[in-house]
Amino acid sequence: MRLLRLLSGLVLAAVAVDLTVLALRWAAVPHLAQGPVPRSRFMAAYLKKRARHGGPPLRWRPVPLAAIAPALRRAVILGEDATFYSNDGFDIGAILWAARYDWHAGHIVYGASTITQQTAKNLFLDPSRTFFRKANEALLTIALAHYLRKDRILDIYLNDAQFGRGLYGAGAAARYYFHESAAHLTVRQAAELAATLPDPLGANPATRSRYFRERTAKILRLLRATALHHHWGS
């Protein structure tokens with residue numbers, strides 16, 4: 001009984017600490033509505049890992065959303081969250097499908113994360129894939145969807161997303177892979193960067209894996225199919 005009480009106390013203390021941190025992060029969300037894009041927790045985690053084990057320097061070059069090629073904005077939305085401009089931060093259909101798959105698998109395989117969810121994860125959380133972290137992600141997604149405009153969420157996402165080892169943001173990725181600014185990417189280059197997002201270490205313009213090539217081709221087809229009639233926001 002004594003051990004059970006001790007364990008219960010530790011669990012309650014851990015929950016209290018997590019709720020306090022979550023409240024502080026929620027309170028910080030309204031301040032993200034304008035100003036420079038902040039460095040994400042994923043970048044901070046990479047810098048700590050690099051200090052211990054070495055690796056490429058952090059490459060991060062935040063640029064305004066208006067300085068990112070429209071083709072890249074469209075490609076990322078099509079590849080990651082096709083209902084971005086109309087959903088409330090969640091894609092319920094995709095979540096239900098992923099939950100059913102993950103339940104049968106016994107662990108999280110597909111997160112069905114929208115761009116808003118991925119932005120919440122990148123900004124505030126660690127790279128772990130646990131159900132507890134997903135609960136925190138969901139609450140912070142609600143905060144982002146409530147306080148920020150869609151274009152601002154996309155701005156933060158495109159500037160903080162990982163595109164390779166130590167490589168973050170569309171500006172740095174465009175320079176690293178194509179020696180080009182994010183504003184002057186071709187449609188194919190935009191599709192290749194969008195295809196990198198699900199697996200930035202294993203499937204990128206440098207590795208050119210089979211999965212990367214197939215995903216690039218799929219995004220190019222979607223871009224052609226939606227070029228004339230899709231609304232992408234401002």
# chains A, B, ... in the order shown; residues from 1 in each chain; ligands from 1

call {"tool": "closest_atom_pairs", "arguments": {"of": "stretch 137-165 of chain A", "to": "stretch 189-196 of chain A", "cutoff": "9 Å", "atoms": "only C-alpha atoms", "output": "Markdown table"}}
result
| residue | atom | partner | partner_atom | distance |
| --- | --- | --- | --- | --- |
| A:Gln162 | CA | A:Thr196 | CA | 8.6 |
| A:Phe163 | CA | A:Thr196 | CA | 6.1 |
| A:Gly164 | CA | A:Thr196 | CA | 8.0 |

call {"tool": "closest_atom_pairs", "arguments": {"of": "stretch 139-191 of chain A", "to": "stretch 113-132 of chain A", "cutoff": "12 Å", "atoms": "only C-alpha atoms", "output": "Markdown table"}}
result
| residue | atom | partner | partner_atom | distance |
| --- | --- | --- | --- | --- |
| A:Leu139 | CA | A:Ala120 | CA | 9.0 |
| A:Leu140 | CA | A:Ala120 | CA | 5.8 |
| A:Thr141 | CA | A:Gln117 | CA | 5.2 |
| A:Ile142 | CA | A:Gln117 | CA | 8.7 |
| A:Ala143 | CA | A:Ala120 | CA | 8.9 |
| A:Leu144 | CA | A:Thr116 | CA | 7.0 |
| A:Ala145 | CA | A:Thr116 | CA | 7.1 |
| A:His146 | CA | A:Thr116 | CA | 10.8 |
| A:Tyr147 | CA | A:Thr116 | CA | 11.7 |
| A:Leu148 | CA | A:Thr116 | CA | 10.0 |
| A:Arg149 | CA | A:Thr116 | CA | 10.6 |
| A:Lys150 | CA | A:Thr116 | CA | 8.6 |
| A:Asp151 | CA | A:Thr116 | CA | 10.8 |
| A:Arg152 | CA | A:Thr116 | CA | 10.2 |
| A:Ile153 | CA | A:Thr116 | CA | 6.5 |
| A:Leu154 | CA | A:Ile115 | CA | 7.3 |
| A:Asp155 | CA | A:Thr119 | CA | 9.7 |
| A:Ile156 | CA | A:Thr119 | CA | 7.0 |
| A:Tyr157 | CA | A:Thr119 | CA | 5.3 |
| A:Leu158 | CA | A:Thr119 | CA | 9.0 |
| A:Asn159 | CA | A:Thr119 | CA | 9.9 |
| A:Asp160 | CA | A:Asn122 | CA | 7.1 |
| A:Ala161 | CA | A:Asn122 | CA | 7.2 |
| A:Gln162 | CA | A:Asn122 | CA | 9.0 |
| A:Tyr168 | CA | A:Asn122 | CA | 10.7 |
| A:Gly169 | CA | A:Asn122 | CA | 11.4 |

call {"tool": "residues_around", "arguments": {"residues": "A:Lys48", "least_positions_apart": "5", "cutoff": "12 Å", "atoms": "only C-alpha atoms", "output": "PDB file with all heavy atoms, in the first residue's frame"}}
result
ATOM      1  N   ARG A  41      10.656  23.795 -30.585  1.00  0.00           N
ATOM      2  CA  ARG A  41      11.255  22.865 -29.615  1.00  0.00           C
ATOM      3  C   ARG A  41      12.018  21.754 -30.329  1.00  0.00           C
ATOM      4  O   ARG A  41      12.979  21.213 -29.790  1.00  0.00           O
ATOM      5  CB  ARG A  41      10.180  22.269 -28.716  1.00  0.00           C
ATOM      6  CG  ARG A  41       9.759  23.192 -27.572  1.00  0.00           C
ATOM      7  CD  ARG A  41       8.725  22.548 -26.690  1.00  0.00           C
ATOM      8  NE  ARG A  41       9.190  21.313 -26.072  1.00  0.00           N
ATOM      9  CZ  ARG A  41       9.898  21.240 -24.953  1.00  0.00           C
ATOM     10  NH1 ARG A  41      10.263  22.357 -24.327  1.00  0.00           N
ATOM     11  NH2 ARG A  41      10.246  20.081 -24.449  1.00  0.00           N
ATOM     12  N   PHE A  42      11.586  21.410 -31.542  1.00  0.00           N
ATOM     13  CA  PHE A  42      12.313  20.387 -32.297  1.00  0.00           C
ATOM     14  C   PHE A  42      13.715  20.883 -32.643  1.00  0.00           C
ATOM     15  O   PHE A  42      14.681  20.107 -32.632  1.00  0.00           O
ATOM     16  CB  PHE A  42      11.542  20.032 -33.570  1.00  0.00           C
ATOM     17  CG  PHE A  42      10.527  18.939 -33.376  1.00  0.00           C
ATOM     18  CD1 PHE A  42       9.605  19.001 -32.338  1.00  0.00           C
ATOM     19  CD2 PHE A  42      10.495  17.853 -34.212  1.00  0.00           C
ATOM     20  CE1 PHE A  42       8.669  18.003 -32.150  1.00  0.00           C
ATOM     21  CE2 PHE A  42       9.559  16.838 -34.040  1.00  0.00           C
ATOM     22  CZ  PHE A  42       8.642  16.914 -33.008  1.00  0.00           C
ATOM     23  N   MET A  43      13.854  22.161 -32.948  1.00  0.00           N
ATOM     24  CA  MET A  43      15.181  22.723 -33.204  1.00  0.00           C
ATOM     25  C   MET A  43      16.021  22.710 -31.937  1.00  0.00           C
ATOM     26  O   MET A  43      17.213  22.383 -31.969  1.00  0.00           O
ATOM     27  CB  MET A  43      15.052  24.147 -33.736  1.00  0.00           C
ATOM     28  CG  MET A  43      14.485  24.255 -35.130  1.00  0.00           C
ATOM     29  SD  MET A  43      14.498  25.975 -35.695  1.00  0.00           S
ATOM     30  CE  MET A  43      12.930  26.052 -36.545  1.00  0.00           C
ATOM     31  N   HIS A  53      26.331  14.507 -29.617  1.00  0.00           N
ATOM     32  CA  HIS A  53      26.756  13.500 -30.590  1.00  0.00           C
ATOM     33  C   HIS A  53      27.321  14.073 -31.892  1.00  0.00           C
ATOM     34  O   HIS A  53      27.762  13.310 -32.749  1.00  0.00           O
ATOM     35  CB  HIS A  53      25.573  12.585 -30.927  1.00  0.00           C
ATOM     36  CG  HIS A  53      24.925  11.980 -29.730  1.00  0.00           C
ATOM     37  ND1 HIS A  53      25.561  11.056 -28.915  1.00  0.00           N
ATOM     38  CD2 HIS A  53      23.690  12.175 -29.166  1.00  0.00           C
ATOM     39  CE1 HIS A  53      24.762  10.694 -27.934  1.00  0.00           C
ATOM     40  NE2 HIS A  53      23.619  11.364 -28.055  1.00  0.00           N
ATOM     41  N   GLY A  54      27.301  15.378 -32.049  1.00  0.00           N
ATOM     42  CA  GLY A  54      27.785  15.972 -33.276  1.00  0.00           C
ATOM     43  C   GLY A  54      26.745  15.931 -34.373  1.00  0.00           C
ATOM     44  O   GLY A  54      25.643  15.416 -34.202  1.00  0.00           O
ATOM     45  N   GLY A  55      27.098  16.475 -35.521  1.00  0.00           N
ATOM     46  CA  GLY A  55      26.174  16.511 -36.650  1.00  0.00           C
ATOM     47  C   GLY A  55      26.250  17.851 -37.353  1.00  0.00           C
ATOM     48  O   GLY A  55      26.966  18.763 -36.925  1.00  0.00           O
ATOM     49  N   PRO A  57      25.456  21.634 -38.598  1.00  0.00           N
ATOM     50  CA  PRO A  57      24.947  22.787 -37.844  1.00  0.00           C
ATOM     51  C   PRO A  57      23.462  22.991 -38.137  1.00  0.00           C
ATOM     52  O   PRO A  57      22.947  22.516 -39.152  1.00  0.00           O
ATOM     53  CB  PRO A  57      25.777  23.962 -38.381  1.00  0.00           C
ATOM     54  CG  PRO A  57      26.180  23.530 -39.750  1.00  0.00           C
ATOM     55  CD  PRO A  57      26.391  22.040 -39.668  1.00  0.00           C
ATOM     56  N   LEU A  58      22.803  23.680 -37.243  1.00  0.00           N
ATOM     57  CA  LEU A  58      21.406  24.027 -37.478  1.00  0.00           C
ATOM     58  C   LEU A  58      21.327  25.024 -38.626  1.00  0.00           C
ATOM     59  O   LEU A  58      21.971  26.076 -38.605  1.00  0.00           O
ATOM     60  CB  LEU A  58      20.794  24.646 -36.216  1.00  0.00           C
ATOM     61  CG  LEU A  58      19.339  25.121 -36.359  1.00  0.00           C
ATOM     62  CD1 LEU A  58      18.403  23.918 -36.449  1.00  0.00           C
ATOM     63  CD2 LEU A  58      18.951  26.009 -35.190  1.00  0.00           C
ATOM     64  N   GLY A 166      19.146  18.649 -39.342  1.00  0.00           N
ATOM     65  CA  GLY A 166      19.555  19.994 -38.963  1.00  0.00           C
ATOM     66  C   GLY A 166      19.033  21.077 -39.874  1.00  0.00           C
ATOM     67  O   GLY A 166      19.431  22.232 -39.759  1.00  0.00           O
TER      68      GLY A 166
END

call {"tool": "residues_around", "arguments": {"residues": "A:Ala182", "least_positions_apart": "6", "cutoff": "7 Å", "atoms": "only C-alpha atoms", "output": "ChimeraX atom specification"}}
result
/A:67-69,170-171,174

call {"tool": "atom_distance", "arguments": {"atom1": "atom CA of A:Leu72", "atom2": "atom CA of A:Ser86"}}
result
18.8 Å

call {"tool": "residues_around", "arguments": {"residues": "A:Ala75", "least_positions_apart": "2", "cutoff": "12 Å", "atoms": "only C-alpha atoms", "output": "compact mmCIF listing (two decimals) with N, CA, C and O atoms, in the first residue's frame"}}
result
# COMPACT_ATOMS: atom_id res chain seq x y z
N ILE A 68 7.53 33.10 -49.92
CA ILE A 68 7.57 31.67 -50.21
C ILE A 68 6.72 31.42 -51.46
O ILE A 68 5.58 31.87 -51.53
N ALA A 69 7.26 30.74 -52.42
CA ALA A 69 6.58 30.53 -53.70
C ALA A 69 5.18 29.96 -53.50
O ALA A 69 5.00 29.02 -52.73
N PRO A 70 4.16 30.53 -54.16
CA PRO A 70 2.80 29.98 -54.06
C PRO A 70 2.74 28.48 -54.36
O PRO A 70 1.95 27.75 -53.77
N ALA A 71 3.60 28.02 -55.29
CA ALA A 71 3.61 26.59 -55.63
C ALA A 71 3.98 25.74 -54.43
O ALA A 71 3.42 24.65 -54.24
N LEU A 72 4.89 26.22 -53.58
CA LEU A 72 5.26 25.46 -52.39
C LEU A 72 4.12 25.47 -51.38
O LEU A 72 3.84 24.45 -50.75
N ARG A 73 3.49 26.62 -51.21
CA ARG A 73 2.35 26.67 -50.28
C ARG A 73 1.27 25.69 -50.71
O ARG A 73 0.72 24.95 -49.89
N ILE A 77 0.11 22.11 -48.72
CA ILE A 77 -1.29 21.91 -48.31
C ILE A 77 -1.83 20.62 -48.93
O ILE A 77 -2.45 19.80 -48.24
N LEU A 78 -1.60 20.41 -50.22
CA LEU A 78 -2.08 19.20 -50.87
C LEU A 78 -1.46 17.95 -50.28
O LEU A 78 -2.12 16.92 -50.13
N GLY A 79 -0.18 18.02 -49.94
CA GLY A 79 0.51 16.85 -49.42
C GLY A 79 0.23 16.55 -47.97
O GLY A 79 0.21 15.39 -47.56
N GLU A 80 -0.02 17.60 -47.17
CA GLU A 80 -0.13 17.41 -45.72
C GLU A 80 -1.54 17.60 -45.17
O GLU A 80 -1.88 17.01 -44.15
N ASP A 81 -2.35 18.45 -45.80
CA ASP A 81 -3.63 18.81 -45.16
C ASP A 81 -4.51 19.51 -46.20
O ASP A 81 -4.65 20.73 -46.19
N ALA A 82 -5.15 18.72 -47.06
CA ALA A 82 -5.89 19.29 -48.19
C ALA A 82 -7.05 20.19 -47.76
O ALA A 82 -7.47 21.07 -48.52
N LEU A 158 5.68 26.48 -42.29
CA LEU A 158 6.67 26.42 -43.37
C LEU A 158 8.04 26.89 -42.92
O LEU A 158 9.06 26.49 -43.50
N LEU A 185 11.24 29.07 -56.29
CA LEU A 185 11.20 27.63 -56.53
C LEU A 185 10.32 27.31 -57.74
O LEU A 185 9.27 27.93 -57.94
N THR A 186 10.73 26.34 -58.53
CA THR A 186 9.88 25.85 -59.60
C THR A 186 8.79 24.96 -59.01
O THR A 186 8.85 24.57 -57.83
N VAL A 187 7.82 24.60 -59.83
CA VAL A 187 6.75 23.73 -59.37
C VAL A 187 7.31 22.38 -58.95
O VAL A 187 6.92 21.82 -57.91
N ARG A 188 8.24 21.82 -59.71
CA ARG A 188 8.83 20.54 -59.33
C ARG A 188 9.62 20.65 -58.03
O ARG A 188 9.54 19.76 -57.17
N GLN A 189 10.40 21.69 -57.89
CA GLN A 189 11.15 21.87 -56.64
C GLN A 189 10.20 22.00 -55.45
O GLN A 189 10.46 21.45 -54.39
N ALA A 190 9.10 22.72 -55.65
CA ALA A 190 8.10 22.86 -54.59
C ALA A 190 7.52 21.50 -54.22
O ALA A 190 7.36 21.17 -53.04
N ALA A 191 7.21 20.70 -55.24
CA ALA A 191 6.66 19.36 -54.98
C ALA A 191 7.68 18.49 -54.25
O ALA A 191 7.31 17.71 -53.35
N GLU A 192 8.95 18.63 -54.58
CA GLU A 192 9.98 17.83 -53.91
C GLU A 192 10.12 18.22 -52.44
O GLU A 192 10.28 17.35 -51.58
N LEU A 193 10.05 19.51 -52.14
CA LEU A 193 10.12 19.91 -50.73
C LEU A 193 8.90 19.42 -49.97
O LEU A 193 9.01 18.96 -48.83
N ALA A 194 7.73 19.52 -50.58
CA ALA A 194 6.52 19.03 -49.92
C ALA A 194 6.60 17.52 -49.70
O ALA A 194 6.15 17.01 -48.66
N ALA A 195 7.19 16.80 -50.65
CA ALA A 195 7.32 15.35 -50.52
C ALA A 195 8.29 14.95 -49.42
O ALA A 195 8.27 13.81 -48.94
N THR A 196 9.13 15.88 -49.01
CA THR A 196 10.14 15.62 -47.98
C THR A 196 9.54 15.57 -46.57
O THR A 196 10.06 14.88 -45.69
N LEU A 197 8.45 16.28 -46.35
CA LEU A 197 7.94 16.52 -44.99
C LEU A 197 7.62 15.26 -44.19
O LEU A 197 7.92 15.22 -42.99
N ARG A 215 6.04 10.05 -54.06
CA ARG A 215 5.26 11.11 -53.41
C ARG A 215 5.37 12.41 -54.20
O ARG A 215 4.39 13.15 -54.33
N THR A 216 6.55 12.71 -54.73
CA THR A 216 6.71 13.89 -55.56
C THR A 216 5.78 13.83 -56.77
O THR A 216 5.11 14.81 -57.11
N ALA A 217 5.74 12.68 -57.42
CA ALA A 217 4.87 12.51 -58.59
C ALA A 217 3.40 12.69 -58.22
O ALA A 217 2.63 13.31 -58.96
N LYS A 218 3.01 12.17 -57.07
CA LYS A 218 1.62 12.31 -56.62
C LYS A 218 1.28 13.77 -56.38
O LYS A 218 0.20 14.25 -56.80
N ILE A 219 2.17 14.51 -55.73
CA ILE A 219 1.91 15.92 -55.45
C ILE A 219 1.86 16.73 -56.73
O ILE A 219 1.04 17.63 -56.89
N LEU A 220 2.71 16.40 -57.68
CA LEU A 220 2.67 17.09 -58.99
C LEU A 220 1.33 16.86 -59.68
O LEU A 220 0.76 17.78 -60.27
N ARG A 221 0.81 15.64 -59.60
CA ARG A 221 -0.50 15.35 -60.20
C ARG A 221 -1.59 16.16 -59.51
O ARG A 221 -2.49 16.72 -60.16
N LEU A 222 -1.53 16.25 -58.19
CA LEU A 222 -2.53 17.02 -57.44
C LEU A 222 -2.44 18.51 -57.78
O LEU A 222 -3.46 19.19 -57.90
N LEU A 223 -1.23 19.01 -57.93
CA LEU A 223 -1.05 20.42 -58.30
C LEU A 223 -1.68 20.71 -59.65
O LEU A 223 -2.35 21.74 -59.83
N ARG A 224 -1.47 19.82 -60.60
CA ARG A 224 -2.05 20.03 -61.94
C ARG A 224 -3.58 19.95 -61.88
O ARG A 224 -4.28 20.73 -62.53
N ALA A 225 -4.09 19.01 -61.08
CA ALA A 225 -5.53 18.80 -61.02
C ALA A 225 -6.26 19.94 -60.34
O ALA A 225 -7.44 20.19 -60.62
N THR A 226 -5.60 20.65 -59.46
CA THR A 226 -6.27 21.69 -58.67
C THR A 226 -5.87 23.10 -59.07
O THR A 226 -6.35 24.07 -58.50
N ALA A 227 -5.02 23.23 -60.06
CA ALA A 227 -4.44 24.53 -60.39
C ALA A 227 -5.49 25.57 -60.77
O ALA A 227 -5.34 26.75 -60.47
N TRP A 232 -6.89 28.91 -52.10
CA TRP A 232 -5.77 28.66 -51.19
C TRP A 232 -5.61 29.75 -50.14
O TRP A 232 -4.61 29.81 -49.47

call {"tool": "select_by_dssp", "arguments": {"residues": "stretch 44-199 of chain A", "states": "helix (DSSP H, G or I)", "output": "count of residues only"}}
result
98

call {"tool": "closest_residue", "arguments": {"among": "A:Arg74, A:Pro62, A:Ser181, A:Leu19", "to": "A:Arg39", "atoms": "only C-alpha atoms"}}
result
A:Pro62

call {"tool": "select_by_dssp", "arguments": {"residues": "stretch 17-192 of chain A", "states": "strand (DSSP E)", "output": "PyMOL selection string"}}
result
chain A and resi 59-60+162-164+167-168

call {"tool": "write_last_selection", "arguments": {"atoms": "all heavy atoms", "output": "mmCIF file, in the first residue's frame"}}
result
data_model
loop_
_atom_site.group_PDB
_atom_site.id
_atom_site.type_symbol
_atom_site.label_atom_id
_atom_site.label_comp_id
_atom_site.auth_asym_id
_atom_site.auth_seq_id
_atom_site.Cartn_x
_atom_site.Cartn_y
_atom_site.Cartn_z
ATOM 1 N N ARG A 59 20.556 24.679 -39.648
ATOM 2 C CA ARG A 59 20.326 25.589 -40.779
ATOM 3 C C ARG A 59 18.867 26.013 -40.713
ATOM 4 O O ARG A 59 17.957 25.196 -40.863
ATOM 5 C CB ARG A 59 20.645 24.881 -42.099
ATOM 6 C CG ARG A 59 22.130 24.567 -42.282
ATOM 7 C CD ARG A 59 22.384 23.846 -43.602
ATOM 8 N NE ARG A 59 21.837 22.503 -43.570
ATOM 9 C CZ ARG A 59 22.529 21.417 -43.230
ATOM 10 N NH1 ARG A 59 23.799 21.515 -42.900
ATOM 11 N NH2 ARG A 59 21.963 20.224 -43.230
ATOM 12 N N TRP A 60 18.657 27.303 -40.525
ATOM 13 C CA TRP A 60 17.303 27.849 -40.370
ATOM 14 C C TRP A 60 17.296 29.270 -40.889
ATOM 15 O O TRP A 60 18.079 30.099 -40.437
ATOM 16 C CB TRP A 60 16.898 27.812 -38.903
ATOM 17 C CG TRP A 60 15.504 28.311 -38.623
ATOM 18 C CD1 TRP A 60 14.375 27.975 -39.293
ATOM 19 C CD2 TRP A 60 15.114 29.224 -37.591
ATOM 20 N NE1 TRP A 60 13.285 28.609 -38.735
ATOM 21 C CE2 TRP A 60 13.704 29.387 -37.691
ATOM 22 C CE3 TRP A 60 15.803 29.909 -36.595
ATOM 23 C CZ2 TRP A 60 12.992 30.227 -36.823
ATOM 24 C CZ3 TRP A 60 15.093 30.732 -35.735
ATOM 25 C CH2 TRP A 60 13.701 30.881 -35.853
ATOM 26 N N GLN A 162 10.786 20.510 -40.511
ATOM 27 C CA GLN A 162 12.098 19.919 -40.789
ATOM 28 C C GLN A 162 12.140 19.389 -42.220
ATOM 29 O O GLN A 162 11.213 18.719 -42.682
ATOM 30 C CB GLN A 162 12.393 18.771 -39.819
ATOM 31 C CG GLN A 162 13.795 18.196 -39.987
ATOM 32 C CD GLN A 162 14.098 17.094 -38.986
ATOM 33 O OE1 GLN A 162 13.211 16.571 -38.324
ATOM 34 N NE2 GLN A 162 15.359 16.730 -38.882
ATOM 35 N N PHE A 163 13.251 19.670 -42.913
ATOM 36 C CA PHE A 163 13.432 19.227 -44.295
ATOM 37 C C PHE A 163 14.683 18.372 -44.471
ATOM 38 O O PHE A 163 15.022 18.004 -45.589
ATOM 39 C CB PHE A 163 13.504 20.430 -45.232
ATOM 40 C CG PHE A 163 12.192 21.137 -45.434
ATOM 41 C CD1 PHE A 163 11.815 22.176 -44.605
ATOM 42 C CD2 PHE A 163 11.332 20.763 -46.456
ATOM 43 C CE1 PHE A 163 10.611 22.836 -44.788
ATOM 44 C CE2 PHE A 163 10.122 21.416 -46.651
ATOM 45 C CZ PHE A 163 9.753 22.453 -45.812
ATOM 46 N N GLY A 164 15.378 18.079 -43.392
ATOM 47 C CA GLY A 164 16.593 17.286 -43.460
ATOM 48 C C GLY A 164 17.278 17.326 -42.113
ATOM 49 O O GLY A 164 16.788 17.964 -41.170
ATOM 50 N N LEU A 167 18.104 20.728 -40.766
ATOM 51 C CA LEU A 167 17.617 21.642 -41.799
ATOM 52 C C LEU A 167 16.140 21.961 -41.535
ATOM 53 O O LEU A 167 15.286 21.074 -41.616
ATOM 54 C CB LEU A 167 17.785 20.994 -43.173
ATOM 55 C CG LEU A 167 17.427 21.817 -44.420
ATOM 56 C CD1 LEU A 167 18.303 23.054 -44.519
ATOM 57 C CD2 LEU A 167 17.590 20.944 -45.657
ATOM 58 N N TYR A 168 15.861 23.221 -41.251
ATOM 59 C CA TYR A 168 14.508 23.612 -40.857
ATOM 60 C C TYR A 168 14.049 24.827 -41.645
ATOM 61 O O TYR A 168 14.794 25.781 -41.838
ATOM 62 C CB TYR A 168 14.455 23.922 -39.356
ATOM 63 C CG TYR A 168 14.718 22.712 -38.492
ATOM 64 C CD1 TYR A 168 16.021 22.327 -38.179
ATOM 65 C CD2 TYR A 168 13.665 21.934 -38.012
ATOM 66 C CE1 TYR A 168 16.271 21.195 -37.401
ATOM 67 C CE2 TYR A 168 13.900 20.812 -37.238
ATOM 68 C CZ TYR A 168 15.201 20.450 -36.937
ATOM 69 O OH TYR A 168 15.441 19.333 -36.179
#

call {"tool": "atom_distance", "arguments": {"atom1": "atom CA of A:Arg133", "atom2": "atom CA of A:Val21"}}
result
12.5 Å

call {"tool": "decode", "arguments": {"residues": "stretch 173-215 of chain A", "atoms": "C-alpha atoms", "output": "mmCIF file, in the first residue's frame"}}
result
data_model
loop_
_atom_site.group_PDB
_atom_site.id
_atom_site.type_symbol
_atom_site.label_atom_id
_atom_site.label_comp_id
_atom_site.auth_asym_id
_atom_site.auth_seq_id
_atom_site.Cartn_x
_atom_site.Cartn_y
_atom_site.Cartn_z
ATOM 1 C CA ALA A 173 15.727 24.026 -47.509
ATOM 2 C CA ALA A 174 15.459 25.910 -50.815
ATOM 3 C CA ARG A 175 19.019 27.203 -50.430
ATOM 4 C CA TYR A 176 20.444 23.852 -49.342
ATOM 5 C CA TYR A 177 18.831 21.587 -51.936
ATOM 6 C CA PHE A 178 18.394 23.903 -54.925
ATOM 7 C CA HIS A 179 20.677 26.923 -54.296
ATOM 8 C CA GLU A 180 17.588 29.067 -54.735
ATOM 9 C CA SER A 181 15.433 31.358 -52.633
ATOM 10 C CA ALA A 182 12.086 30.072 -51.391
ATOM 11 C CA ALA A 183 10.389 32.714 -53.559
ATOM 12 C CA HIS A 184 11.791 31.366 -56.838
ATOM 13 C CA LEU A 185 11.201 27.627 -56.535
ATOM 14 C CA THR A 186 9.885 25.847 -59.600
ATOM 15 C CA VAL A 187 6.748 23.732 -59.370
ATOM 16 C CA ARG A 188 8.831 20.537 -59.330
ATOM 17 C CA GLN A 189 11.148 21.869 -56.643
ATOM 18 C CA ALA A 190 8.099 22.858 -54.588
ATOM 19 C CA ALA A 191 6.663 19.362 -54.981
ATOM 20 C CA GLU A 192 9.979 17.829 -53.913
ATOM 21 C CA LEU A 193 10.123 19.914 -50.735
ATOM 22 C CA ALA A 194 6.519 19.028 -49.925
ATOM 23 C CA ALA A 195 7.318 15.346 -50.523
ATOM 24 C CA THR A 196 10.142 15.617 -47.976
ATOM 25 C CA LEU A 197 7.945 16.519 -44.993
ATOM 26 C CA PRO A 198 6.711 13.043 -43.942
ATOM 27 C CA ASP A 199 10.259 11.639 -43.730
ATOM 28 C CA PRO A 200 12.801 14.473 -43.925
ATOM 29 C CA LEU A 201 15.788 12.266 -43.052
ATOM 30 C CA GLY A 202 15.090 9.316 -45.332
ATOM 31 C CA ALA A 203 13.107 10.809 -48.219
ATOM 32 C CA ASN A 204 14.388 14.147 -49.487
ATOM 33 C CA PRO A 205 15.920 15.696 -52.632
ATOM 34 C CA ALA A 206 19.335 14.337 -51.596
ATOM 35 C CA THR A 207 18.325 10.710 -50.924
ATOM 36 C CA ARG A 208 15.790 10.537 -53.792
ATOM 37 C CA SER A 209 14.345 7.336 -52.341
ATOM 38 C CA ARG A 210 11.602 5.449 -54.150
ATOM 39 C CA TYR A 211 9.030 6.732 -51.662
ATOM 40 C CA PHE A 212 10.243 10.289 -52.246
ATOM 41 C CA ARG A 213 9.962 9.983 -56.030
ATOM 42 C CA GLU A 214 6.494 8.451 -55.836
ATOM 43 C CA ARG A 215 5.263 11.108 -53.409
#
